[in-house]
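J.: Handing you this structure, nothing more for now.
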Amino acid sequence: MKNLLTLFAFISMITSFAQKKEKQELIYKLNSFKNSTVLNASYNVSKQQIWDAVYVMMKQEYKEIKKQDFEKGIIEGYDQGDTFKEGFTTEIIGSGPYRVVFTMNRQIRYINKDRSYTGWYDKNEIPQDYLFKIQNSIYTTLYGSFKYSPELINEIDAYNASQTKDKYKLVLGKDY
């Protein structure tokens, strides 16, 4: 009897692990597709359209536009607070399809326990989630909301159909 319970527990554990792994692999595919579509986008639109989309994104993200040059395709935004100073430059490159290149100049400082400030530190790397956010903003402005390929949608539907409990299914807006 004890061996039977142990065998049952072992089989349940393997089945659960396989379901989680299959779900994780599908989520990884979905995220990879989204990232490759949005982050590596080249825009086959007019220069005025890409300029407008980048300008909208910059106005949403930064309080001040310090410089804009349509001919060079450059827009510079700036924002400042007690603990940060941030300059962000976008440059539209190419002659069609266009690409957008980003440069960040950020300085940060921290508040000590005695409410004094530390010195300023350079932190110019653009965080991956922020890069995705701004690229997605430009992509959405130009092409509308992001859509997954029919093949991936079919894989999601097949996976969800094979699941007996709702808690194991992939949910639009939560998982992808």
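By convention in this document, the chains of the structure tokens carry letters A, B, ... by their order, each chain's residues are numbered from 1, and ligands are numbered from 1 in the order they are shown.
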Any idea what's packed within 10 Å of A:Tyr55, counting only C-alpha atoms, ignoring anything in its chain fewer than 4 positions away? Could you give it as a PyMOL selection string?
T.: chain A and resi 49-51+59-61+65+68+74-77+90+138
J.: Could you find all residues in stretch 28-155 of chain A that DSSP calls strand (DSSP E) from the backbone, and write them as a PyMOL selection string?
T.: chain A and resi 64-69+74-80+84-93+99-108+121-122
J.: Between atom CA of A:Glu91 and atom CA of A:Thr103, what is the spacing in Å?
T.: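 Atom-to-atom, atom CA of A:Thr103 to atom CA of A:Glu91, that is 8.5 Å.
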J.: Excluding stretch 115-129 of chain A and any residue of its chain fewer than 6 positions from it, enumerate the residues within 12 Å of it, using only C-alpha atoms, and give them as a VMD selection string.
T.: chain A and resid 35 39 82 to 89 101 to 109 135 to 136
J.: Keeping only N, CA, C and O atoms, take the residues you just selected and write them out as a CSV table (one decimal), in the first residue's frame.
T.:
chain,number,residue,atom,x,y,z
A,35,ASN,N,8.9,40.0,-28.4
A,35,ASN,CA,10.1,40.8,-28.4
A,35,ASN,C,10.7,41.0,-29.7
A,35,ASN,O,11.2,42.0,-30.1
A,39,LEU,N,10.8,44.7,-30.5
A,39,LEU,CA,12.1,45.3,-30.2
A,39,LEU,C,13.0,45.4,-31.4
A,39,LEU,O,13.8,46.3,-31.5
A,82,ASP,N,14.2,64.8,-7.6
A,82,ASP,CA,15.1,64.9,-6.5
A,82,ASP,C,16.3,63.9,-6.6
A,82,ASP,O,17.4,64.2,-6.3
A,83,THR,N,16.0,62.7,-7.1
A,83,THR,CA,17.0,61.6,-7.1
A,83,THR,C,17.4,61.2,-8.5
A,83,THR,O,18.1,60.2,-8.6
A,84,PHE,N,17.0,61.9,-9.5
A,84,PHE,CA,17.4,61.5,-10.9
A,84,PHE,C,17.4,62.7,-11.8
A,84,PHE,O,16.7,63.7,-11.6
A,85,LYS,N,18.3,62.6,-12.8
A,85,LYS,CA,18.3,63.5,-14.0
A,85,LYS,C,18.4,62.6,-15.2
A,85,LYS,O,19.3,61.8,-15.2
A,86,GLU,N,17.5,62.8,-16.1
A,86,GLU,CA,17.5,61.9,-17.2
A,86,GLU,C,17.3,62.6,-18.6
A,86,GLU,O,16.4,63.3,-18.7
A,87,GLY,N,18.3,62.3,-19.5
A,87,GLY,CA,18.1,62.8,-20.8
A,87,GLY,C,18.0,61.6,-21.7
A,87,GLY,O,18.7,60.6,-21.5
A,88,PHE,N,17.1,61.6,-22.7
A,88,PHE,CA,16.8,60.5,-23.5
A,88,PHE,C,16.8,61.0,-25.0
A,88,PHE,O,16.1,62.0,-25.3
A,89,THR,N,17.6,60.4,-25.8
A,89,THR,CA,17.7,60.8,-27.2
A,89,THR,C,17.2,59.7,-28.1
A,89,THR,O,17.6,58.5,-28.0
A,101,VAL,N,16.8,54.4,-32.9
A,101,VAL,CA,17.9,54.1,-32.0
A,101,VAL,C,17.8,55.0,-30.7
A,101,VAL,O,17.4,56.2,-30.9
A,102,PHE,N,18.0,54.5,-29.6
A,102,PHE,CA,17.8,55.2,-28.3
A,102,PHE,C,19.2,55.3,-27.5
A,102,PHE,O,20.0,54.4,-27.5
A,103,THR,N,19.3,56.5,-26.9
A,103,THR,CA,20.5,56.7,-26.0
A,103,THR,C,20.0,57.4,-24.7
A,103,THR,O,19.2,58.3,-24.8
A,104,MET,N,20.4,56.9,-23.6
A,104,MET,CA,20.0,57.4,-22.3
A,104,MET,C,21.2,58.0,-21.6
A,104,MET,O,22.2,57.3,-21.5
A,105,ASN,N,21.1,59.2,-21.0
A,105,ASN,CA,22.0,59.8,-20.1
A,105,ASN,C,21.3,60.0,-18.8
A,105,ASN,O,20.5,60.9,-18.7
A,106,ARG,N,21.6,59.1,-17.8
A,106,ARG,CA,20.9,59.2,-16.6
A,106,ARG,C,21.9,59.3,-15.4
A,106,ARG,O,22.9,58.6,-15.4
A,107,GLN,N,21.6,60.2,-14.5
A,107,GLN,CA,22.3,60.3,-13.2
A,107,GLN,C,21.3,60.1,-12.1
A,107,GLN,O,20.2,60.6,-12.1
A,108,ILE,N,21.7,59.3,-11.1
A,108,ILE,CA,20.9,59.0,-10.0
A,108,ILE,C,21.6,59.3,-8.7
A,108,ILE,O,22.9,59.3,-8.7
A,109,ARG,N,20.9,59.5,-7.6
A,109,ARG,CA,21.5,59.6,-6.3
A,109,ARG,C,20.5,59.1,-5.3
A,109,ARG,O,19.3,58.9,-5.6
A,135,GLN,N,9.4,51.0,-27.2
A,135,GLN,CA,9.3,50.4,-28.5
A,135,GLN,C,7.8,50.0,-28.8
A,135,GLN,O,7.3,50.2,-29.9
A,136,ASN,N,7.2,49.5,-27.8
A,136,ASN,CA,5.8,49.0,-27.9
A,136,ASN,C,4.9,50.3,-28.1
A,136,ASN,O,3.9,50.2,-28.9
J.: If I take atom CA of A:Ala41 and atom CA of A:Tyr139, how far is one from the other in Å, to one decimal?
T.: 7.9 Å
J.: Would you work out the distance separating atom CA of A:Phe146 from atom CA of A:Lys133, expressed in Å to one decimal?
T.: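 Atom CA of A:Phe146 sits 12.5 Å away from atom CA of A:Lys133.
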J.: Rank A:Tyr110, A:Tyr98, A:Phe33, A:Tyr176 by their smallest atom-to-atom distance to A:Val54, using only C-alpha atoms, and report the top residue only.
T.: A:Tyr98
J.: Taking the DSSP secondary structure from the backbone, can you list the residues of stretch 10-170 of chain A that are alpha helix (DSSP H), as a PyMOL selection string?
T.: chain A and resi 10-38+47-61+128-143+150-162
J.: Got a sec: who's within 10 Å of stretch 147-163 of chain A, counting only C-alpha atoms, leaving out chain neighbours fewer than 6 positions off, as a list of chain:residue names?
T.: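 Here the qualifying residues turn out to be A:Gln19, A:Glu22, A:Lys23, A:Leu26, A:Ile27, A:Lys29, A:Leu30, A:Phe33, A:Lys34, A:Thr37, A:Lys169, A:Leu170, A:Val171, A:Leu172, A:Tyr176.
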J.: Please produce an output containing N, CA, C and O atoms for each residue in the selection, written as a PDB file, in the first residue's frame.
T.:
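Heads up, here's the output in part18.pdb:
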ATOM      1  N   GLN A  19       3.358  19.556 -17.145  1.00  0.00           N
ATOM      2  CA  GLN A  19       2.394  20.589 -17.508  1.00  0.00           C
ATOM      3  C   GLN A  19       2.990  21.975 -17.321  1.00  0.00           C
ATOM      4  O   GLN A  19       2.834  22.850 -18.172  1.00  0.00           O
ATOM      5  N   GLU A  22       5.572  22.618 -20.067  1.00  0.00           N
ATOM      6  CA  GLU A  22       4.928  22.890 -21.352  1.00  0.00           C
ATOM      7  C   GLU A  22       4.367  24.313 -21.373  1.00  0.00           C
ATOM      8  O   GLU A  22       4.516  25.034 -22.357  1.00  0.00           O
ATOM      9  N   LYS A  23       3.760  24.746 -20.282  1.00  0.00           N
ATOM     10  CA  LYS A  23       3.212  26.101 -20.184  1.00  0.00           C
ATOM     11  C   LYS A  23       4.340  27.141 -20.260  1.00  0.00           C
ATOM     12  O   LYS A  23       4.230  28.131 -20.976  1.00  0.00           O
ATOM     13  N   LEU A  26       5.654  27.491 -23.777  1.00  0.00           N
ATOM     14  CA  LEU A  26       4.728  28.237 -24.622  1.00  0.00           C
ATOM     15  C   LEU A  26       4.784  29.730 -24.302  1.00  0.00           C
ATOM     16  O   LEU A  26       4.796  30.563 -25.213  1.00  0.00           O
ATOM     17  N   ILE A  27       4.867  30.069 -23.038  1.00  0.00           N
ATOM     18  CA  ILE A  27       4.998  31.489 -22.650  1.00  0.00           C
ATOM     19  C   ILE A  27       6.312  32.051 -23.179  1.00  0.00           C
ATOM     20  O   ILE A  27       6.365  33.190 -23.654  1.00  0.00           O
ATOM     21  N   LYS A  29       7.873  31.089 -25.908  1.00  0.00           N
ATOM     22  CA  LYS A  29       7.661  31.306 -27.350  1.00  0.00           C
ATOM     23  C   LYS A  29       6.885  32.586 -27.609  1.00  0.00           C
ATOM     24  O   LYS A  29       7.225  33.362 -28.508  1.00  0.00           O
ATOM     25  N   LEU A  30       5.843  32.807 -26.822  1.00  0.00           N
ATOM     26  CA  LEU A  30       5.025  34.010 -26.984  1.00  0.00           C
ATOM     27  C   LEU A  30       5.839  35.271 -26.720  1.00  0.00           C
ATOM     28  O   LEU A  30       5.789  36.242 -27.489  1.00  0.00           O
ATOM     29  N   PHE A  33       8.390  35.860 -29.524  1.00  0.00           N
ATOM     30  CA  PHE A  33       7.745  36.398 -30.723  1.00  0.00           C
ATOM     31  C   PHE A  33       7.445  37.886 -30.537  1.00  0.00           C
ATOM     32  O   PHE A  33       7.723  38.699 -31.419  1.00  0.00           O
ATOM     33  N   LYS A  34       6.905  38.246 -29.378  1.00  0.00           N
ATOM     34  CA  LYS A  34       6.566  39.641 -29.106  1.00  0.00           C
ATOM     35  C   LYS A  34       7.819  40.510 -29.089  1.00  0.00           C
ATOM     36  O   LYS A  34       7.848  41.581 -29.690  1.00  0.00           O
ATOM     37  N   THR A  37       9.292  40.913 -32.589  1.00  0.00           N
ATOM     38  CA  THR A  37       8.448  41.756 -33.436  1.00  0.00           C
ATOM     39  C   THR A  37       8.557  43.217 -33.036  1.00  0.00           C
ATOM     40  O   THR A  37       8.702  44.090 -33.885  1.00  0.00           O
ATOM     41  N   LYS A 169      -4.589  26.903 -17.637  1.00  0.00           N
ATOM     42  CA  LYS A 169      -4.737  27.468 -18.978  1.00  0.00           C
ATOM     43  C   LYS A 169      -4.006  28.807 -19.091  1.00  0.00           C
ATOM     44  O   LYS A 169      -3.809  29.506 -18.099  1.00  0.00           O
ATOM     45  N   LEU A 170      -3.617  29.158 -20.306  1.00  0.00           N
ATOM     46  CA  LEU A 170      -3.019  30.451 -20.577  1.00  0.00           C
ATOM     47  C   LEU A 170      -4.145  31.478 -20.749  1.00  0.00           C
ATOM     48  O   LEU A 170      -5.098  31.244 -21.468  1.00  0.00           O
ATOM     49  N   VAL A 171      -3.996  32.621 -20.077  1.00  0.00           N
ATOM     50  CA  VAL A 171      -5.030  33.647 -20.085  1.00  0.00           C
ATOM     51  C   VAL A 171      -4.497  34.889 -20.796  1.00  0.00           C
ATOM     52  O   VAL A 171      -3.433  35.405 -20.435  1.00  0.00           O
ATOM     53  N   LEU A 172      -5.258  35.356 -21.798  1.00  0.00           N
ATOM     54  CA  LEU A 172      -4.888  36.575 -22.529  1.00  0.00           C
ATOM     55  C   LEU A 172      -4.913  37.747 -21.557  1.00  0.00           C
ATOM     56  O   LEU A 172      -5.857  37.925 -20.799  1.00  0.00           O
ATOM     57  N   TYR A 176       0.038  36.257 -21.491  1.00  0.00           N
ATOM     58  CA  TYR A 176       0.587  36.719 -22.774  1.00  0.00           C
ATOM     59  C   TYR A 176      -0.147  37.924 -23.262  1.00  0.00           C
ATOM     60  O   TYR A 176      -1.179  38.298 -22.776  1.00  0.00           O
TER      61      TYR A 176
END
